[in-house]
file work.txt (compact mmCIF, C-alpha atoms)
# COMPACT_ATOMS: atom_id res chain seq x y z
CA MET A 252 0.00 0.00 0.00
CA THR A 253 1.46 3.38 -0.92
CA GLN A 254 1.35 6.38 1.34
CA GLU A 255 -1.34 8.02 -0.77
CA ALA A 256 -3.63 5.02 -1.26
CA GLN A 257 -7.23 5.73 -0.23
CA ARG A 258 -9.07 2.44 -0.10
CA PHE A 259 -12.62 2.80 -1.38
CA PHE A 260 -15.04 0.05 -0.40
CA ILE A 261 -18.00 -0.96 -2.55
CA ASN A 262 -21.48 -2.30 -1.87
CA GLU A 263 -20.36 -5.95 -1.98
CA ASP A 264 -17.71 -5.25 0.70
CA GLN A 265 -20.31 -3.64 2.95
CA GLN A 266 -22.59 -6.63 2.58
CA VAL A 267 -19.79 -9.03 3.47
CA LEU A 268 -19.10 -7.08 6.65
CA GLU A 269 -22.79 -7.00 7.56
CA GLU A 270 -23.01 -10.76 7.12
CA ILE A 271 -20.00 -11.30 9.39
CA LEU A 272 -21.42 -8.93 12.03
CA LEU A 273 -24.79 -10.65 11.86
CA HIS A 274 -23.42 -14.20 12.12
CA ARG A 275 -20.96 -13.55 14.95
CA ARG A 276 -22.03 -15.56 18.01
CA ASP A 277 -20.78 -16.03 21.55
CA VAL A 278 -19.95 -19.74 21.26
CA ARG A 279 -20.39 -21.83 24.41
CA GLY A 280 -18.30 -24.72 25.66
CA ASN A 281 -20.49 -27.53 24.45
CA TYR A 282 -20.31 -26.39 20.83
CA PHE A 283 -16.53 -26.43 20.42
CA LYS A 284 -14.86 -29.21 18.49
CA LYS A 285 -11.43 -30.51 19.43
CA ASP A 286 -9.83 -29.86 16.02
CA PRO A 287 -6.95 -27.41 16.38
CA THR A 288 -6.94 -24.17 14.44
CA SER A 289 -3.96 -23.58 12.13
CA ASP A 290 -1.14 -21.22 13.07
CA GLU A 291 -1.96 -19.19 10.00
CA ASN A 292 -5.52 -18.61 11.19
CA ILE A 293 -4.36 -17.75 14.68
CA ASN A 294 -1.95 -15.22 13.25
CA ARG A 295 -4.72 -13.63 11.22
CA ILE A 296 -6.83 -13.34 14.38
CA LEU A 297 -3.92 -11.75 16.27
CA GLN A 298 -3.20 -9.37 13.41
CA ALA A 299 -6.86 -8.33 13.50
CA ALA A 300 -6.40 -7.51 17.20
CA LEU A 301 -3.32 -5.40 16.52
CA SER A 302 -5.09 -3.36 13.86
CA ALA A 303 -7.54 -1.98 16.43
CA LEU A 304 -7.28 1.47 17.94
CA SER A 305 -4.96 1.81 20.85
CA ILE A 306 -5.72 5.04 22.64
CA GLY A 307 -2.74 7.43 22.48
CA PHE A 308 -1.04 4.77 20.33
CA PHE A 309 -0.12 3.20 23.64
CA GLN A 310 -0.73 -0.45 22.56
CA SER A 311 -1.33 -1.58 26.10
CA ARG A 312 -2.50 -5.10 25.29
CA GLU A 313 -1.00 -8.49 25.95
CA PHE A 314 -2.28 -11.87 24.78
CA VAL A 315 -1.55 -15.14 26.55
CA MET A 316 -2.05 -18.14 24.25
CA ILE A 317 -3.13 -21.19 26.25
CA TYR A 318 -3.04 -24.67 24.70
CA ASN A 319 -2.01 -26.62 27.78
CA ASN A 320 -4.79 -28.72 29.31
CA GLU A 321 -3.61 -28.38 32.88
CA THR A 322 -3.83 -24.63 32.66
CA LYS A 323 -7.32 -24.80 31.16
CA GLU A 324 -8.41 -27.18 33.94
CA ALA A 325 -7.07 -24.89 36.65
CA ILE A 326 -8.93 -21.92 35.19
CA LYS A 327 -12.08 -23.99 34.78
CA ALA A 328 -11.94 -24.95 38.45
CA SER A 329 -11.78 -21.30 39.47
CA PHE A 330 -14.70 -20.62 37.12
CA GLN A 331 -16.91 -23.30 38.62
CA GLU A 332 -16.50 -21.92 42.08
CA ASP A 333 -17.56 -18.50 40.87
CA ASN A 334 -20.42 -19.79 38.76
CA THR A 335 -22.12 -21.41 41.75
CA LYS A 336 -21.95 -18.09 43.56
CA SER A 337 -23.21 -16.16 40.52
CA SER A 338 -26.26 -18.29 39.81
CA HIS A 339 -27.57 -17.70 43.34
CA GLN A 340 -27.97 -14.02 42.53
CA PHE A 341 -30.84 -14.70 40.11
CA SER A 342 -34.52 -15.39 40.75
CA ASP A 343 -35.74 -18.98 40.61
CA GLU A 344 -37.02 -18.72 37.05
CA LYS A 345 -33.87 -17.02 35.79
CA GLN A 346 -31.70 -19.41 37.79
CA GLN A 347 -33.21 -22.32 35.93
CA LYS A 348 -32.49 -20.68 32.59
CA TYR A 349 -29.04 -19.69 33.84
CA THR A 350 -27.97 -23.28 34.12
CA GLN A 351 -29.03 -23.97 30.55
CA PRO A 352 -26.44 -22.09 28.49
CA LYS A 353 -23.11 -23.81 29.09
CA LEU A 354 -21.09 -20.83 30.06
CA GLU A 355 -17.59 -22.03 30.68
CA GLY A 356 -16.14 -23.61 27.56
CA ASN A 357 -12.95 -23.88 29.50
CA THR A 358 -11.56 -27.19 28.37
CA GLU A 359 -13.45 -28.05 25.19
CA SER A 360 -11.94 -25.47 22.86
CA PRO A 361 -8.37 -26.11 21.69
CA LEU A 362 -7.16 -22.55 22.25
CA LYS A 363 -7.83 -20.01 24.99
CA VAL A 364 -6.53 -16.48 24.85
CA ALA A 365 -6.34 -14.42 28.03
CA VAL A 366 -6.23 -10.75 27.07
CA PHE A 367 -4.72 -8.22 29.45
CA TYR A 368 -4.55 -4.48 29.75
CA LYS A 369 -1.15 -3.25 30.89
CA PRO A 370 -1.41 0.20 32.45
CA LYS A 371 1.35 2.73 32.03
CA ASN A 372 2.82 4.80 34.84
CA GLU A 373 2.61 8.07 32.94
CA PRO A 374 -0.18 10.10 31.33
CA VAL A 375 -1.57 8.59 28.11
CA LEU A 376 -2.84 10.82 25.32
CA GLY A 377 -6.65 10.64 25.17
CA GLN A 378 -6.89 8.90 28.50
CA THR A 379 -6.35 11.71 30.97
CA SER A 380 -10.04 12.58 31.29
CA MET A 381 -11.50 9.16 30.45
CA PRO A 382 -9.27 6.74 32.38
CA ASN A 383 -11.08 3.67 31.03
CA MET A 384 -9.96 4.37 27.45
CA GLY A 385 -6.98 2.04 27.78
CA LYS A 386 -9.22 -0.87 28.72
CA TYR A 387 -11.74 0.07 26.05
CA SER A 388 -8.95 -0.07 23.44
CA VAL A 389 -8.28 -3.66 24.46
CA VAL A 390 -11.99 -4.44 24.01
CA CYS A 391 -11.82 -2.99 20.47
CA ALA A 392 -9.02 -5.47 19.78
CA ILE A 393 -11.14 -8.34 21.14
CA GLN A 394 -14.08 -7.39 18.92
CA ASN A 395 -11.75 -7.44 15.90
CA MET A 396 -10.59 -10.93 16.91
CA TRP A 397 -14.17 -12.08 17.19
CA LEU A 398 -15.10 -10.88 13.72
CA MET A 399 -11.91 -12.21 12.13
CA ALA A 400 -12.48 -15.59 13.78
CA ARG A 401 -16.08 -15.70 12.53
CA SER A 402 -14.98 -14.89 8.98
CA LEU A 403 -12.58 -17.85 9.27
CA ASN A 404 -15.57 -19.97 10.41
CA ILE A 405 -13.95 -20.30 13.83
CA GLY A 406 -16.09 -19.82 16.91
CA MET A 407 -15.15 -17.53 19.77
CA GLY A 408 -16.66 -17.42 23.24
CA TRP A 409 -16.00 -14.70 25.79
CA VAL A 410 -16.06 -16.18 29.30
CA SER A 411 -16.70 -13.52 31.90
CA ILE A 412 -17.77 -15.67 34.82
CA LEU A 413 -14.43 -16.23 36.51
CA VAL A 414 -12.25 -14.64 39.14
CA PRO A 415 -9.66 -12.43 37.40
CA GLU A 416 -7.21 -12.57 40.29
CA LYS A 417 -7.20 -16.38 40.24
CA VAL A 418 -6.61 -16.42 36.49
CA LYS A 419 -3.70 -14.03 37.02
CA THR A 420 -2.16 -16.28 39.66
CA ILE A 421 -2.46 -19.36 37.42
CA LEU A 422 -0.82 -17.54 34.51
CA ASN A 423 1.82 -15.80 36.64
CA VAL A 424 0.67 -12.44 35.34
CA PRO A 425 2.44 -9.21 36.44
CA LYS A 426 0.52 -7.53 39.23
CA GLU A 427 -0.33 -4.36 37.32
CA ASN A 428 -1.96 -6.16 34.38
CA GLN A 429 -5.76 -6.36 34.31
CA LEU A 430 -7.72 -9.21 32.75
CA ILE A 431 -10.11 -7.89 30.13
CA GLY A 432 -11.21 -11.09 28.41
CA TYR A 433 -10.78 -14.84 28.65
CA LEU A 434 -11.53 -16.05 25.15
CA CYS A 435 -12.14 -19.55 23.77
CA PHE A 436 -11.40 -20.31 20.11
CA GLY A 437 -12.19 -23.37 18.07
CA TYR A 438 -14.25 -24.85 15.27
CA THR A 439 -17.90 -25.42 15.98
CA ASP A 440 -20.64 -27.27 14.17
CA LYS A 441 -23.25 -24.89 15.52
CA PHE A 442 -23.34 -21.14 15.07
CA TYR A 443 -26.78 -20.22 16.41
CA HIS A 444 -28.92 -18.20 14.02
CA LYS A 445 -29.67 -15.74 16.84
CA PRO A 446 -28.10 -14.96 20.23
CA GLU A 447 -28.61 -18.00 22.45
CA LEU A 448 -30.16 -15.93 25.24
CA GLU A 449 -32.69 -14.55 22.74
CA ILE A 450 -33.65 -18.06 21.59
CA LYS A 451 -33.94 -19.18 25.21
CA LYS A 452 -36.14 -16.15 25.95
CA TRP A 453 -33.83 -14.75 28.62
CA ASP A 454 -34.92 -11.39 27.26
CA TYR A 455 -36.36 -9.95 24.01
CA LYS A 456 -34.29 -8.26 21.32
CA LYS A 457 -34.58 -4.49 21.57
CA LEU A 458 -35.43 -2.49 18.47
CA GLN A 459 -33.34 0.38 17.18
CA ASN A 460 -35.95 2.97 18.15
CA GLU A 461 -35.85 1.81 21.77
CA VAL A 462 -32.19 2.71 22.17
CA VAL A 463 -31.72 5.66 19.82
CA ILE A 464 -32.42 9.16 21.14
CA GLN A 465 -32.60 12.23 18.89
CA GLU A 466 -30.50 15.24 19.97
CA ARG A 467 -31.00 14.91 23.74
CA TYR A 468 -32.91 13.01 26.40
CA MET B 257 -32.20 -16.67 7.17
CA THR B 258 -33.64 -19.99 8.26
CA GLN B 259 -33.10 -21.43 11.71
CA GLU B 260 -30.70 -24.06 10.39
CA ALA B 261 -28.59 -21.85 8.13
CA GLN B 262 -24.89 -22.04 8.93
CA ARG B 263 -23.18 -19.23 7.08
CA PHE B 264 -19.80 -20.32 5.71
CA PHE B 265 -17.38 -17.55 4.77
CA ILE B 266 -14.78 -17.93 2.05
CA ASN B 267 -11.30 -16.56 1.47
CA GLU B 268 -12.55 -13.47 -0.38
CA ASP B 269 -14.79 -12.56 2.58
CA GLN B 270 -11.87 -12.86 4.99
CA GLN B 271 -9.78 -10.59 2.81
CA VAL B 272 -12.52 -7.98 2.65
CA LEU B 273 -12.72 -7.95 6.44
CA GLU B 274 -8.94 -7.67 6.78
CA GLU B 275 -8.92 -4.72 4.41
CA ILE B 276 -11.62 -2.96 6.42
CA LEU B 277 -9.80 -3.64 9.71
CA LEU B 278 -6.53 -2.39 8.23
CA HIS B 279 -7.98 0.80 6.76
CA ARG B 280 -10.03 1.83 9.80
CA ARG B 281 -8.67 5.10 11.17
CA ASP B 282 -9.44 7.42 14.06
CA VAL B 283 -10.45 10.44 11.98
CA ARG B 284 -9.67 13.85 13.49
CA GLY B 285 -11.69 17.05 13.31
CA ASN B 286 -9.78 18.73 10.53
CA TYR B 287 -10.38 15.87 8.08
CA PHE B 288 -14.17 15.81 8.22
CA LYS B 289 -16.19 17.21 5.34
CA LYS B 290 -19.52 18.95 5.89
CA ASP B 291 -21.53 16.66 3.58
CA PRO B 292 -24.23 14.88 5.54
CA THR B 293 -24.40 11.08 5.61
CA SER B 294 -27.62 9.52 4.37
CA ASP B 295 -30.20 8.10 6.77
CA GLU B 296 -29.72 4.74 5.13
CA ASN B 297 -26.02 4.74 5.97
CA ILE B 298 -26.67 5.88 9.52
CA ASN B 299 -29.16 3.05 9.96
CA ARG B 300 -26.62 0.55 8.72
CA ILE B 301 -24.10 1.88 11.26
CA LEU B 302 -26.68 1.62 14.06
CA GLN B 303 -27.67 -1.88 13.00
CA ALA B 304 -23.99 -2.84 13.15
CA ALA B 305 -23.94 -1.59 16.74
CA LEU B 306 -27.01 -3.62 17.68
CA SER B 307 -25.52 -6.82 16.28
CA ALA B 308 -22.68 -6.72 18.85
CA LEU B 309 -22.61 -8.85 21.97
CA SER B 310 -24.54 -7.52 24.89
CA ILE B 311 -23.44 -9.37 27.99
CA GLY B 312 -26.29 -11.35 29.49
CA PHE B 313 -28.38 -10.15 26.51
CA PHE B 314 -28.88 -7.06 28.59
CA GLN B 315 -28.59 -4.54 25.69
CA SER B 316 -27.57 -1.75 27.99
CA ARG B 317 -26.66 0.77 25.33
CA GLU B 318 -28.19 4.05 24.28
CA PHE B 319 -27.20 6.26 21.37
CA VAL B 320 -27.82 10.00 21.24
CA MET B 321 -27.73 11.32 17.67
CA ILE B 322 -26.51 14.92 17.62
CA TYR B 323 -26.93 17.06 14.51
CA ASN B 324 -27.63 20.39 16.20
CA ASN B 325 -24.74 22.86 16.01
CA GLU B 326 -25.44 24.50 19.34
CA THR B 327 -25.13 21.18 21.11
CA LYS B 328 -21.86 20.41 19.32
CA GLU B 329 -20.50 23.86 20.26
CA ALA B 330 -21.41 23.39 23.90
CA ILE B 331 -19.64 20.03 24.01
CA LYS B 332 -16.66 21.45 22.17
CA ALA B 333 -16.36 24.23 24.76
CA SER B 334 -16.25 21.67 27.56
CA PHE B 335 -13.63 19.76 25.56
CA GLN B 336 -11.36 22.76 25.14
CA GLU B 337 -11.28 23.40 28.83
CA ASP B 338 -10.23 19.84 29.48
CA ASN B 339 -7.71 19.75 26.63
CA THR B 340 -5.72 22.65 28.07
CA LYS B 341 -5.51 20.80 31.36
CA SER B 342 -4.57 17.50 29.67
CA SER B 343 -1.73 18.83 27.54
CA HIS B 344 0.09 20.14 30.63
CA GLN B 345 0.53 16.56 31.83
CA PHE B 346 3.01 15.78 29.04
CA SER B 347 6.71 16.60 28.70
CA ASP B 348 7.74 19.55 26.51
CA GLU B 349 8.58 17.39 23.51
CA LYS B 350 5.37 15.37 23.78
CA GLN B 351 3.37 18.53 24.47
CA GLN B 352 4.51 19.98 21.16
CA LYS B 353 3.43 16.82 19.35
CA TYR B 354 0.22 16.77 21.38
CA THR B 355 -0.96 20.02 19.86
CA GLN B 356 -0.44 18.67 16.35
CA PRO B 357 -3.19 16.06 15.97
CA LYS B 358 -6.47 17.96 16.02
CA LEU B 359 -8.22 15.99 18.68
CA GLU B 360 -11.62 17.50 19.06
CA GLY B 361 -13.51 17.25 15.76
CA ASN B 362 -16.44 18.60 17.66
CA THR B 363 -18.12 20.85 15.15
CA GLU B 364 -16.69 19.82 11.78
CA SER B 365 -18.38 16.45 11.38
CA PRO B 366 -22.11 16.51 10.50
CA LEU B 367 -23.09 13.84 13.01
CA LYS B 368 -21.99 13.08 16.58
CA VAL B 369 -23.16 10.07 18.47
CA ALA B 370 -22.85 9.98 22.25
CA VAL B 371 -22.95 6.36 23.38
CA PHE B 372 -24.05 5.52 26.91
CA TYR B 373 -24.02 2.49 29.15
CA LYS B 374 -27.20 2.19 31.19
CA PRO B 375 -26.61 0.07 34.28
CA LYS B 376 -29.31 -2.20 35.63
CA ASN B 377 -30.32 -2.42 39.26
CA GLU B 378 -30.22 -6.20 39.34
CA PRO B 379 -27.58 -8.86 38.66
CA VAL B 380 -26.69 -9.32 34.99
CA LEU B 381 -25.70 -12.72 33.62
CA GLY B 382 -21.96 -12.80 32.93
CA GLN B 383 -21.35 -9.57 34.78
CA THR B 384 -21.46 -10.66 38.40
CA SER B 385 -17.72 -11.40 38.65
CA MET B 386 -16.52 -8.98 35.96
CA PRO B 387 -18.56 -5.85 36.61
CA ASN B 388 -17.07 -4.01 33.64
CA MET B 389 -18.61 -6.42 31.13
CA GLY B 390 -21.62 -4.16 30.58
CA LYS B 391 -19.38 -1.28 29.56
CA TYR B 392 -17.21 -3.58 27.47
CA SER B 393 -20.30 -4.72 25.58
CA VAL B 394 -20.97 -1.11 24.64
CA VAL B 395 -17.39 -0.83 23.37
CA CYS B 396 -17.97 -3.91 21.17
CA ALA B 397 -20.93 -2.05 19.64
CA ILE B 398 -18.76 1.01 19.02
CA GLN B 399 -16.10 -1.07 17.28
CA ASN B 400 -18.81 -2.52 15.00
CA MET B 401 -19.96 1.02 14.17
CA TRP B 402 -16.40 2.01 13.35
CA LEU B 403 -15.90 -0.86 10.94
CA MET B 404 -19.31 -0.45 9.31
CA ALA B 405 -18.67 3.27 8.84
CA ARG B 406 -15.27 2.58 7.27
CA SER B 407 -16.78 0.08 4.86
CA LEU B 408 -19.23 2.83 3.85
CA ASN B 409 -16.20 5.12 3.31
CA ILE B 410 -17.38 7.25 6.23
CA GLY B 411 -14.84 8.39 8.80
CA MET B 412 -15.32 7.98 12.53
CA GLY B 413 -13.37 9.64 15.31
CA TRP B 414 -13.60 8.70 18.98
CA VAL B 415 -13.13 11.79 21.14
CA SER B 416 -12.03 10.88 24.63
CA ILE B 417 -10.68 14.20 25.81
CA LEU B 418 -13.78 15.68 27.37
CA VAL B 419 -15.56 15.79 30.69
CA PRO B 420 -18.26 13.10 30.73
CA GLU B 421 -20.32 14.83 33.42
CA LYS B 422 -20.49 18.03 31.37
CA VAL B 423 -21.57 16.12 28.27
CA LYS B 424 -24.29 14.47 30.34
CA THR B 425 -25.56 17.83 31.59
CA ILE B 426 -25.67 19.25 28.06
CA LEU B 427 -27.61 16.23 26.78
CA ASN B 428 -29.89 15.97 29.82
CA VAL B 429 -28.78 12.38 30.35
CA PRO B 430 -30.27 10.29 33.21
CA LYS B 431 -27.93 10.27 36.19
CA GLU B 432 -27.21 6.54 36.13
CA ASN B 433 -26.04 6.46 32.49
CA GLN B 434 -22.31 6.46 31.83
CA LEU B 435 -20.68 7.98 28.77
CA ILE B 436 -18.59 5.39 26.94
CA GLY B 437 -17.85 7.16 23.68
CA TYR B 438 -18.39 10.50 21.99
CA LEU B 439 -18.15 9.66 18.30
CA CYS B 440 -17.87 11.88 15.23
CA PHE B 441 -19.08 10.64 11.85
CA GLY B 442 -18.68 12.16 8.40
CA TYR B 443 -17.06 11.85 5.02
CA THR B 444 -13.37 12.56 4.83
CA ASP B 445 -10.96 13.08 1.99
CA LYS B 446 -8.13 11.69 4.04
CA PHE B 447 -7.94 8.26 5.60
CA TYR B 448 -4.33 8.07 6.75
CA HIS B 449 -2.43 5.01 5.52
CA LYS B 450 -1.22 4.39 9.10
CA PRO B 451 -2.32 5.57 12.55
CA GLU B 452 -1.63 9.31 12.74
CA LEU B 453 0.35 8.95 15.98
CA GLU B 454 2.59 6.39 14.27
CA ILE B 455 3.24 8.73 11.33
CA LYS B 456 3.96 11.58 13.76
CA LYS B 457 6.35 9.32 15.67
CA TRP B 458 4.47 9.60 18.97
CA ASP B 459 5.50 5.98 19.45
CA TYR B 460 6.57 3.00 17.30
CA LYS B 461 4.23 0.22 16.19
CA LYS B 462 4.67 -2.89 18.34
CA LEU B 463 5.17 -6.25 16.67
CA GLN B 464 3.04 -9.31 17.37
CA ASN B 465 5.85 -11.09 19.21
CA GLU B 466 6.18 -8.20 21.65
CA VAL B 467 2.66 -8.61 22.95
CA VAL B 468 1.97 -12.33 22.58
CA ILE B 469 2.96 -14.66 25.43
CA GLN B 470 2.94 -18.45 25.11
CA GLU B 471 1.12 -20.38 27.89
CA ARG B 472 2.10 -18.13 30.83
CA TYR B 473 4.29 -15.18 31.83
call {"tool": "encode", "arguments": {"input": "work.txt", "output": "structure tokens"}}
result
Amino acid sequence: MTQEAQRFFINEDQQVLEEILLHRRDVRGNYFKKDPTSDENINRILQAALSALSIGFFQSREFVMIYNNETKEAIKASFQEDNTKSSHQFSDEKQQKYTQPKLEGNTESPLKVAVFYKPKNEPVLGQTSMPNMGKYSVVCAIQNMWLMARSLNIGMGWVSILVPEKVKTILNVPKENQLIGYLCFGYTDKFYHKPELEIKKWDYKKLQNEVVIQERY
Amino acid sequence: MTQEAQRFFINEDQQVLEEILLHRRDVRGNYFKKDPTSDENINRILQAALSALSIGFFQSREFVMIYNNETKEAIKASFQEDNTKSSHQFSDEKQQKYTQPKLEGNTESPLKVAVFYKPKNEPVLGQTSMPNMGKYSVVCAIQNMWLMARSLNIGMGWVSILVPEKVKTILNVPKENQLIGYLCFGYTDKFYHKPELEIKKWDYKKLQNEVVIQERY
């Protein structure tokens, strides 16, 4: 690409993106197959992450690639403990539904990626008045990974029911780093046609006009 | 789409996505043109947002569409106050560079979108042990908007140097809502070929092997 190149996208490109956005799913543990993903595909997913915004060009993101089963088991154990606690916070009806989606996916998928935010000890451009911007940049990278994986027909699940400090201990993570996402990657024979929690009637899908406000509240 | 459809993406689709990811830029104020974006395009950008994950299917996101110049001016004024404070936190050399990228973009672009996270007063599935997951879901929606806009050849800039509480007052936002992003949308005649802060040597671009860790630290 030359310095002056201005990439112009056409209608077909926009439709491809919309299809990928629409078919991205949060894939649960029971839908992962054991087949490993190729190094080439993993590199494309990581490159997608690195092409995301990093506020102040600070690039405060680190990715731990976990293939080892013992590590996955240890993290799964810390998840289970937390999951029991979490489910008790819901009403009876919701609690029953809560146990339905298999939330962990901690050993089934061949690859886990723990994504960390590494804070800096000096002011970061664009982050002085919104201190969460560093973490949000890491989330932008995760969303890119998700979409790239989906385009490669690889499922991704984002596990958020775990205890970050326990994950950090297991992975020997530097104290200052903060866990943003624990991601599962692998092939799946089931991408749901809609979000699983919508199908299971956890809640209804909101319409655009319910969440869009014109000019001011 | 039928219930059983499993969308399979091919090599060309993956390349389109990679091109969009690679050409996404954080567009600054001075590069926006005045031309309005069509309602159809804006709807496609909003639909992209709504197709993102919402943790626990909670859909805790609200989008304020700002076209009115007075509102933009008021937010810009609150930005300028904060920007003067922010720039003093950097060293002399960095401070000089800091004034170069035009960070506000607050009146030039025809459309601003203020994106809010609306917390819920009850436990949210997937958020009980990682309380930031609700906000991170909103960031996933913003990243989708960014990519959709870029595919439509529309620039987006994420302004993070502002005072969220002042923006909330100007927009009459409910007290519990939290500002996640103040976004500028519009056509641009300049998508940089690289991140602007890389071109301006604010910092160097990190390589994949500098941020990827195998198995554990």
call {"tool": "residues_around", "arguments": {"input": "work.txt", "residues": "stretch 299-305 of chain B", "least_positions_apart": "6", "cutoff": "6 Å", "atoms": "all atoms listed in the file", "output": "VMD selection string"}}
result
chain B and resid 397 400 to 401 404
call {"tool": "closest_atom_pairs", "arguments": {"input": "work.txt", "of": "chain B", "to": "chain A", "cutoff": "6 Å", "atoms": "only C-alpha atoms", "output": "JSON lines"}}
result
{"residue": "B:Gln259", "atom": "CA", "partner": "A:His444", "partner_atom": "CA", "distance": 5.8}
{"residue": "B:Phe265", "atom": "CA", "partner": "A:Ser402", "partner_atom": "CA", "distance": 5.5}
{"residue": "B:Gln270", "atom": "CA", "partner": "A:Ser402", "partner_atom": "CA", "distance": 5.5}
{"residue": "B:Leu278", "atom": "CA", "partner": "A:Ser302", "partner_atom": "CA", "distance": 5.9}
{"residue": "B:Ser307", "atom": "CA", "partner": "A:Leu273", "partner_atom": "CA", "distance": 5.9}
{"residue": "B:Glu318", "atom": "CA", "partner": "A:Val462", "partner_atom": "CA", "distance": 4.7}
{"residue": "B:Phe319", "atom": "CA", "partner": "A:Val463", "partner_atom": "CA", "distance": 4.8}
{"residue": "B:Val320", "atom": "CA", "partner": "A:Ile464", "partner_atom": "CA", "distance": 4.7}
{"residue": "B:Met321", "atom": "CA", "partner": "A:Gln465", "partner_atom": "CA", "distance": 5.1}
{"residue": "B:Ile322", "atom": "CA", "partner": "A:Glu466", "partner_atom": "CA", "distance": 4.6}
{"residue": "B:Gly382", "atom": "CA", "partner": "A:Ser411", "partner_atom": "CA", "distance": 5.4}
{"residue": "B:Ser385", "atom": "CA", "partner": "A:Ile412", "partner_atom": "CA", "distance": 5.7}
{"residue": "B:Cys396", "atom": "CA", "partner": "A:Gln394", "partner_atom": "CA", "distance": 5.7}
{"residue": "B:Gln399", "atom": "CA", "partner": "A:Cys391", "partner_atom": "CA", "distance": 5.7}
{"residue": "B:Ser407", "atom": "CA", "partner": "A:Gln265", "partner_atom": "CA", "distance": 5.5}
{"residue": "B:Ser416", "atom": "CA", "partner": "A:Gly377", "partner_atom": "CA", "distance": 5.4}
{"residue": "B:Ile417", "atom": "CA", "partner": "A:Gly377", "partner_atom": "CA", "distance": 5.4}
{"residue": "B:Leu427", "atom": "CA", "partner": "A:Arg467", "partner_atom": "CA", "distance": 4.7}
{"residue": "B:Asn428", "atom": "CA", "partner": "A:Tyr468", "partner_atom": "CA", "distance": 5.4}
{"residue": "B:Val429", "atom": "CA", "partner": "A:Tyr468", "partner_atom": "CA", "distance": 5.7}
{"residue": "B:His449", "atom": "CA", "partner": "A:Gln254", "partner_atom": "CA", "distance": 5.8}
{"residue": "B:Val467", "atom": "CA", "partner": "A:Glu313", "partner_atom": "CA", "distance": 4.7}
{"residue": "B:Val468", "atom": "CA", "partner": "A:Phe314", "partner_atom": "CA", "distance": 4.8}
{"residue": "B:Ile469", "atom": "CA", "partner": "A:Val315", "partner_atom": "CA", "distance": 4.7}
{"residue": "B:Gln470", "atom": "CA", "partner": "A:Met316", "partner_atom": "CA", "distance": 5.1}
{"residue": "B:Glu471", "atom": "CA", "partner": "A:Ile317", "partner_atom": "CA", "distance": 4.6}
{"residue": "B:Arg472", "atom": "CA", "partner": "A:Leu422", "partner_atom": "CA", "distance": 4.7}
{"residue": "B:Tyr473", "atom": "CA", "partner": "A:Asn423", "partner_atom": "CA", "distance": 5.4}
call {"tool": "closest_residue", "arguments": {"input": "work.txt", "among": "A:Lys417, A:Thr358, A:Lys371, A:Lys426", "to": "A:Arg279", "atoms": "only C-alpha atoms"}}
result
A:Thr358
call {"tool": "atom_distance", "arguments": {"input": "work.txt", "atom1": "atom CA of B:Asn297", "atom2": "atom CA of B:Glu326"}}
result
23.9 Å
call {"tool": "atom_distance", "arguments": {"input": "work.txt", "atom1": "atom CA of A:Gly437", "atom2": "atom CA of A:Glu291"}}
result
13.7 Å
